[in-house]
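Here's the structure we're looking at; comments come further down.
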Amino acid sequence: MRTEQPKMIYLKDYQAPDYLIDETHLTFELFEDHSLVHAQLVMRRNPERGAGLPPLVLDGQQLELVSVNLADQELTDADYQLSDSHLTVHPTSATFTLDTTVKIHPETNTALEGLYKSGGMFCTQCEAEGFRKITYYLDRPDVMSVFTTTVIAEQHSYPVLLSNGNPIASGPGEDGRHWATWEDPFKKPAYLFALVAGDLWCVEDTFTTMTERTVALRIYVEPENIDKCQHAMNSLKKSMRWDEEVYGREYDLDIFMIVAVNDFNMGAMENKGLNIFNSSAVLARAETATDAAHQRVEAIVAHEYFHNWSGNRVTCRDWFQLSLKEGFTVFRDSQFSADMNSATVKRIQDVAYLRTHQFAEDAGPMAHAVRPDGFIEISNFYTLTVYEKGSEVVRMIQTLLGAEGFRKGSDLYFERHDGQAVTCDDFIKAMEDANGADLTQFKRWYSQAGTPRLAVSESYDAAAKTYSLTFRQSCPETPDKVQKLPFVIPVELGLLDGKGAGIALRLAGEAMAGATSRVISVTEAEQTFTFVDIAEHPLPSLLRGFSAPVKLSFPYNRDQLMFLMQHDSDGFNRWDAGQQLSVQVLQELIAQHQQGLALALDQRLITALRSVLSDERLDQAMVAEMLSLPSEAYLTEISEVADVDAIHTAREFARKQLADQLFEGLWLRYQANRDLSKKTPYVAEAEHFARRALQNIALSYLMLSGKPEVLAATLEQFDACDNMTERLTALAVLVNSPFEEEKAKALAVFAENFKDNPLVMDQWFSVQAGSGLPGALERVKALMQHPAFNIKNPNKVRALVGAFAGQNLINFHAADGSGYRFLADLVIQLNGFNPQIASRQLAPLTRWRKYDDARQALMKGELERIRASGELSSDVFEVVSKSLA
Ligand code: TRP
Ligand code: ZN
C-alpha cells in the first residue's frame, strides 16, 4: 500500500501531457502464479507543450519491473527512477520507443482493479486508474493510443482469448499454450483497455447497421449460464437500433462482445468492443431473474453500448469531466428505457431514486458538484451526483432547447469532437453553437453542489383575471464552500380549472394564449410570472415530469393534492401529488407517535388510494407505483432530524391501515392478476411487468391482514409460479410475516433449489437482510457463515451487508449502535482487500448528521474507529476524513 498521506488533486491544476503515445503494443503471458506484461510504446513529445525534453514520468503501481529499454537501449538502475507509483526515464529525442517488461500477480488481486482472476478466468477493469496496475503507462484519459494486444495462455484452461477491436491472428504455442492477437483501430485511452482469457461459451447473433454493415455480436459466459443470455442479446440489438434512430449513431467495429464475470466492483464497463459485465447485469431468464433484474439488464446493456459514442469515440479530457460521459450516457439509457417500456413509470422510478439517494448525497459530507473541482480518490466519484444528477442536467438542456435542438447539439458535439478527449464545456459549447443559445448561467449546474430549493407562492386577482406565481430559489451550503448563485431552473407547469381541465397559458405581455403546459425558466433568486385571462382561481401543477432536480414546495392542502391525483394531465405529477399527500399524512403520524398519542390515519389517503385501485383504465404499473408509500429512506431524507423509530412505526401503521381498509379491492386485483399470470407464460415486456407489479404489491399489503386465505395464496404463488418475480415476492412476503414455520420451510426449499445459482442466492440473502422484523443483525451475521456467502465477492457483500445497512433502517440504526459497529468492522476488513467496495459500503455511516445526538455520537465513534484502524486505502481515507471534518 501507499507510503504517503493521500493528496487532493484539483481541476485547476490540469496540464496537458508532456508526451503522447501513438501506438501501444502489448503482450501478455498468463501463468497460474504470475503474469508477464511486455509493453512497447511508440511515443513522442507533445508539441503543445513546447520544445524541451522533460523527464518522462509513467504511472505504475504494484508492478515488478523486469526490464526497461528506451530507444532500443536497455537501461540500468542509474538511468531511471522508480517509486511505488512512478517510473521516470529521460528521453533524448522527440520521438522514441519505450519497451518495458513487468511481472504482476492477477491470481492474488482481490481489489478487482487491473488484471485479476474471477473464478477460473482472467479479466480486467481499468477505469478509472487500473491500467497502471498492468504496465507502466501514461494512465490518463487525454493520452489516446492505438492498441495491439497479444494474449498467450495455456490452451486447455483458457481456450478463449479476447481483447479490444478485431482478431487479426492466432495460433498454437509451446507446452500446450496458444496465442491470439487483437487490433483496435480506434485511438483510445488506457481506461478502455480490456483483456479476457477463460473457458467461456458464447451466444452469437448479428446486427445489420444503418449502412448495411454486418456486425458480429457475442455474449461470453461460463458454460452453465449459456441459457441466460437471450434477454441481454435482445437488449443489445434494440440498443443498437435505437441509437441509430434517435441519435444517428452507428456502431463502428465488425464485432461487439460482452463478457459476464462474477466478481466485479460495479455494474459493467464499456471497454471498446469488449464490454465486461457483472454477471448480474447480463444473465436473465424467467426462472432465475425478476422483472426488475430484466429491466436492469436491458438498461445496463444499453448504457455500456451507448458509451461507444458518448465516452469512447468522444472521451473525457480528465476525470473531473466524468459526468461528460456518465451523465450523458445515463440520460441516453433512461430515454431508451422510457421508449422500450412505460415512460411515466420509468420517470417515477428514476425520480424516486434521485430524491432519496442523490439528494441525501448532496446533503452529506461527500457532496460535490456534477463536475467536482477536487478529489483524493477518483473511484469515490462514481456517484449518484455524477451519474444521476448529471443525467438530470443533460435532461434540462433538452427541455430548454427542445428535442430537435438537442439532437442538433449532440450531432455537432460528436462531429466536432470525434476522436478527442474533451470537457463538459465542450459539450455545452456544441449545444450553444448548434442552437444559437447562451448557456453561461446554466453551467452553474456543473460547478455548484447541493440541491436547490424552490419555494413557490401564488396570488390570484379576480378583478384583473391575473394569476401570479412567485418563485424563490436558494441552495444550502455544502462542504466545498462555493458561494451559490442562482441556477437556471426550467419549470414545466400547467394551471387546472375547477373541473380539472388545463387552461391555455398566456403570460402578461404575450400576444396569444398557447398550450396548456409550458416550460418557464426561473433564473433569478426571486421571480414572478403573471398569467392573464385566468377566469377563476386555478390550481397549479408545477415541475411536471420533474423538469429540474430541485426541492419544490407549494402550500397545497390535502384536498388539492387529491384533486391533482385525479385530474392532472401529467402522469408524473399525478403520482407526485399522491406522494406529497402520503408524506403529509405520514408526517402527521410521525408527530403523533412522538407526542405519545394514538395514531390516527387521515382517511383521505384511503379514499384517494381506493379510487386509484378501482380505476381499471389506469396503467397497472402506475397503480402499483401510486400504492407504494414513500420509503423510510425518503422520509429520512426529507426530515430535519430523522426519528428512525417514529418513521418506521408510522409507515408500518399506515400500511396496515391500507391493507385492512382496502382489503377487498386489493384481493380482487391480486386474484385477477395471479389468474392471468397462471395462464400466461412469462414475457419480459412492459404490460406483463405492470400486471405482476400490481399483483405483487397487492400481495405484500394483503399479508399484513394475517388472514389464512392470504397465506394460502402466498404459498400457492411460491410453489406454482413459473418465474422469479412471483416466487421472490412470495418469499419476501413470507419472510416479513409472522408465519415462522412456513417462512423457514420456504427459505429452505428456495435455497435447496437455487444453491448452485449465485445470483439467485444473492436475492435470497437480500430478502432476509432487508426484513425489518427484529433480530436482523443476528440473521445477517449468521448468513455470513452460509456456504453461499463469500466476502471477496462484491455481489454477496452488497446482497447481505448493503441490503442491511441501506434498506433495513430500523435495524441498522438500532439504538445500541450494534448495526454501526458491525458495518465499521466490515469496512475495516474490506479495506484490506477491496478498497472500492469498502468505501462504498461506508456510505450509510457518513449520513450521521440526519440522526439524533445519541446516534450521531455512535456513528462518529465508528468512523473514528475506522480512521484509527491502521493503514487506510485512499478510498476509505477520503470518505472517513471528509465525514469527520
Ligand atoms: N464506466 C462504468 C460505467 O458507467 C463504470 C465502472 C465500471 C467503474 N467499473 C468500474 C468505475 C470500476 C470505477 C471502478 O458503466
Ligand atoms: Zn457509464
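Residues are referred to by chain and number: the chain letter is A, B, ... according to the order shown in the C-alpha cells, the number counts from 1 in that chain, and ligands are numbered separately from 1 in the order shown.
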
Throw together the list of residues within 12 Å of ligand 2, counting only C-alpha atoms and all ligand atoms, and drop it here as a ChimeraX atom specification. /A:127-128,192,266-271,275,277,299-312,315,322-333,382-384,386-388,390-391

Q: From the DSSP assignment of the backbone, select every residue of segment 451-698 of chain A that is strand (DSSP E), and format the answer as a VMD selection string.
A: chain A and resid 453 to 461 466 to 474 489 to 496 518 to 522 526 to 531 539 to 541 551 to 553
